[in-house]
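Q: This is the structure I have questions about; it appears just below.
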Number of protein chains: 2
Amino acid sequence: MTAENKTNLSIAEMMDDIGCAARCSAAMLATTKGEQRNLALAASAAAIRQSAGDIAKANRLDMNAAELTGLSGAMLDRLMLDAGRIEAMASGIENVMALHDPVGRVLDEWERPNGLKIQRVSVPLGVIGIIYESRPNVTADAAALCIKSGNAVILRGGSESFHSSQAIYACLRQGLTEAGIDPNAVQMVPTTDRAAVGYLLSSMATWVDVVVPRGGKNLIKRVQDEARVPVIGHLEGICHVYVHKDAETEMAVNITLNAKMRRTGICGAAETILIDRDGAERLVPEIVGALQGAGCEVRGDDSVAALAAGVNSATEADWATEYLDAIVSMRIVNGIDQAIEHIRRYGSGHTESIVTGNADAAERFLNEVDSAIVLQNASTQFADGGEFGMGAEIGIATGRIHARGPVGADQLTSYKYVVRGSGQVRP
Amino acid sequence: MTAENKTNLSIAEMMDDIGCAARCSAAMLATTKGEQRNLALAASAAAIRQSAGDIAKANRLDMNAAELTGLSGAMLDRLMLDAGRIEAMASGIENVMALHDPVGRVLDEWERPNGLKIQRVSVPLGVIGIIYESRPNVTADAAALCIKSGNAVILRGGSESFHSSQAIYACLRQGLTEAGIDPNAVQMVPTTDRAAVGYLLSSMATWVDVVVPRGGKNLIKRVQDEARVPVIGHLEGICHVYVHKDAETEMAVNITLNAKMRRTGICGAAETILIDRDGAERLVPEIVGALQGAGCEVRGDDSVAALAAGVNSATEADWATEYLDAIVSMRIVNGIDQAIEHIRRYGSGHTESIVTGNADAAERFLNEVDSAIVLQNASTQFADGGEFGMGAEIGIATGRIHARGPVGADQLTSYKYVVRGSGQVRP
C-alpha cells in the first residue's frame, strides 16, 4: 500500500466514524424536546462568553499564521475575532434559541372519508454537513441552527480558521453536554486535509442527508461538482434592479444605490441595473451620478454612456459577472420583455427587483422572473433570512429542490405523515 | 474516433437538444394558467380515447417482441394494454386535471415592520426526468402530473414498452398542441440505448432539476448511484406492522392480513410483523392462521414457531428482505423499545404501523419511528397518494430532502418569495 492510499484509508475511516456517530446522534436528537435543545443553545452561548479569552487566543494563532502566509486584508478581516465579534456569536446563538421550534409542527392535517386522520408533521432533516471557509463565526451560527432544528451536524471549516473554530466548537460541545444531549450532535472534522472534504462529498451518502457550502464561488463549485448528496446553497448572486419607465426618479436612485452600494460583498448586492429606454434620459444621469458619487464604477452600454459622463464600456462578460465590489453594469432595455429576457439569460436565479409605479408591470415581473426572490420597489439587499423575519439563516439557496431563498431553521426540516386510524384496512 | 465514442457523442448531442428544449419549454410553462394546462390534459385524454386502436396496435408489437424474448408472465401483464387499461389512462389524466392548481398558491404571507409584504408562492420545479420500466401507462400518468404542475418532463421508458409509450406520447403532444402549449413540455427519449439514461443522470444537471425513477430495485439503485441531479424516489419498502400487547385480536388480524396480502407486490405491503411477547400467545396463532389461510408463507423466529404450526425459520436475511410476494417474516419483541429498534435497524423508512389500544404506546411509536409514513391502527397499504387524498402520485419518496411520502402534483413544485415594497432600502 502506498503512503497516499494509507492516508486516504485513514481519512475514510475517520470520516465514516464521524458520519456514523452523527447518524446515531441524529436519531436521538429527533426525539428531543425543543426546550432541551434550547437549553443546549443557552449553555453554548454562556460557554462562548466564559471562553472568550481562549477563543481570542486561538484566533491570534490563526491570525499570526495568516499574516505570515500573506492573506489579503479582506480575508484577515473575515478571520479576525475581537471581543465584540465573540459577544455577537453568543447573542447570535441566543437569537436562534428565541425562534419558534421548527420540529414537530403540524404543517397540514385532514381527515379522509374512511376516518383516517392524516397529519404532516415537521421532523429534522437528519445529518447536515457544513463546509465553510475563513469566517470562524460560521461554526457557531451554523451549529446553532442545526441544533435548533434537531439536526446533527458535521462541520468542516477552513484551514485558516482552524484554531478559532476548534475553540468555538469546544463551547458547543460543552453546551450540548450540559443540556444532556449527546455532544456528537455537533462534530468538527479534526483535520485540514482536503481529502476529508472529498470523502464527505463523495462517499458519505449513508451518513449525510444534505451538504451546505458557505463561502466563495470556488468552494461552492467544488461542492456542487463533487457532491453525491443533495446540496443546498447558491453559486453566485448576479442580482438585477430593473428600473421601469414608470419609476419615480428618487425611488429609483435610492433603491439602485442601496442595492449596489450598501454592502458590495454580499450575495444580494445588485450587479446589473437595467433601465427602460423610455425613461432613460430622466433616470440614467441621476442614477449614474449617485452611484459614481458613492465611489462606484459604472460600466454601461453605448446608450448609457451617451447619457452620463465617466461611464466605462460594458462588454458581454460584464452581464455575467458577479463583481462583489463597487462596480456595476448598466444597460438600457426596450421595455419589460427585454428586461425579463436579460435576467433569464444572465441572472443566477438569486434576487431581482423592479422599480415601478405601474402595478401591471410589477405583477408581470414578479410572476415571470424566475428567481428565488423577486421584489417590487425594494432593494435587493433585503435578500436575507434576518430581513425576512426568519431569524438567522444558514445561507440562500438558488436550487429548486427542497429550500429556495433564505435557508433558516424551518428549511432545515423534512416532514413525515402521521396517520391515526381505528382499524381501517384498504379495500 | 471509435464507433463507440461516436455513438456516445451523438447521444450526448441528442440528449442536450432534448434538455435545452425542455428548459425552454419549462420557462414558458411556468407562466401558463392552470386552465390552459387543464385544457392540455383534457385534450390528451381525448386523444388517447381516439387513438385507442393505434395504442393497442403499438402494444401488440411490444407484446409480440416480449413473448419472443421470454418475458415472465408478471412482466407481460405489466406491459399489456387492453381497452380497459387504455380507458383507465384517459380517465386517470382527467383525475389529475380535476386536482387543485398546484402552481401560484400563496403558501405563506406576512408583513415586516418596515412594510415589506412577503409571500411564499408555489412555482413549478422546472424540468423533471422520469425513468421507468415496462408499464406503458406511466407515460400518461407521469406526464399528466408534470403538465398539471407546470413542469416540463423528459420521459425515458423501458425498451419493452417502447412502441406503446410512443403511441401514448403522441397523444400527449397532440393534447399540448391543441391547448396552445409548446409540445416540448413533454419529450420522450427516442432511443432504447442505455447510454441515454447514463447521460441523463450524469451530464444534464443544467437541463434537469430532478429525476424520478419508477421501477424495480435495480433501476432505482442505478439511478441513485449515477445521478448528479437530485433524485426523488425510494429504493425499497420494507414495511412493518407492530402488534402491541394492547392490540385487539380481531383488529390485529385484519390489519396484518390486509397489510401483507391485499396486494403483495406494492411498496406499501408489509414484509415483517413484530408482535409483543406479552400478547404473543393470544395473537400469534390467530395472525399466523389468517395469513396461512390466505396463502402466505410465514417465516418466524423460534418463539413464533413455538406458538403456531407450519412456520418456517426466519434467518437474519429475512428481516432485511422486501419479498413483494406472499411471504412474511414474523418476530416476537420484548415491547415497544425493541420494536422501534428493529424498525430502525432493518426498515427502509417507508411505512410502518402500530396496532394498539394504548394511546401512549401509539404516540411513542408515531413520534419515534422515523419513516415517511407512520400509522396507528391502520394498514400499511394505505401508503398511497390516492388514499391520502392527493389524487395521483408519481411515487413514494423515502429521501428526506424536498418531498417525503407520496409525491403528488403539489410535491412537484418549488416556491419563490414575492416581496412588495414602497421604496424600502436596507439600513
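Going through the C-alpha cells in order, the chains are called A, B, and so on, while each chain numbers its residues from 1 and the ligands are numbered from 1 in the order shown.
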Just need the residues of chain A within 6 Å of chain B, counting only C-alpha atoms, so spit them out as number ranges by chain.

A: A: 125, 251, 255, 372-379, 400-402, 414, 416-425

Q: Excluding Gln36 of chain A and its own-chain neighbours fewer than 3 positions away, which residues fall within 12 Å of it when counting only C-alpha atoms? Please give them as a PyMOL selection string.

A: chain A and resi 29-33+39-43+97+101+147-150+175-182

Q: Counting only C-alpha atoms, what is within 12 Å of Ile220 of chain B, bar same-chain residues fewer than 3 positions away, as a count of residues only?

A: 25

Q: Contacts of Ile168 of chain A at 12 Å or less, counting only C-alpha atoms, minus same-chain residues fewer than 5 places along, as a PyMOL selection string?

A: chain A and resi 44-59+81+86-87+89-90+93+135-144+155+157+161-163+173-175+186-188

Q: Would you list, as a PyMOL selection string, the residues of segment 57-302 of chain A that end up in strand (DSSP E or B) under DSSP run on this structure's backbone?

A: chain A and resi 106-111+117-124+127-132+152-156+186-188+210-214+231+239-243+270-276+297-300

Q: Identify, on the basis of only C-alpha atoms, every residue whose closest approach to Asp276 of chain B does not exceed 10 Å; exclude the query and any residue fewer than 4 positions from it along the same chain; express the result as a ChimeraX atom specification.

A: /B:242-247,280-281,283-284,331-336,338-339

Q: Enumerate, as a ChimeraX atom specification, the complete set of residues in segment 71-266 of chain B that a backbone-based DSSP assignment places in alpha helix (DSSP H).

A: /B:73-79,83-97,137-148,162-178,194-203,217-226,249-261
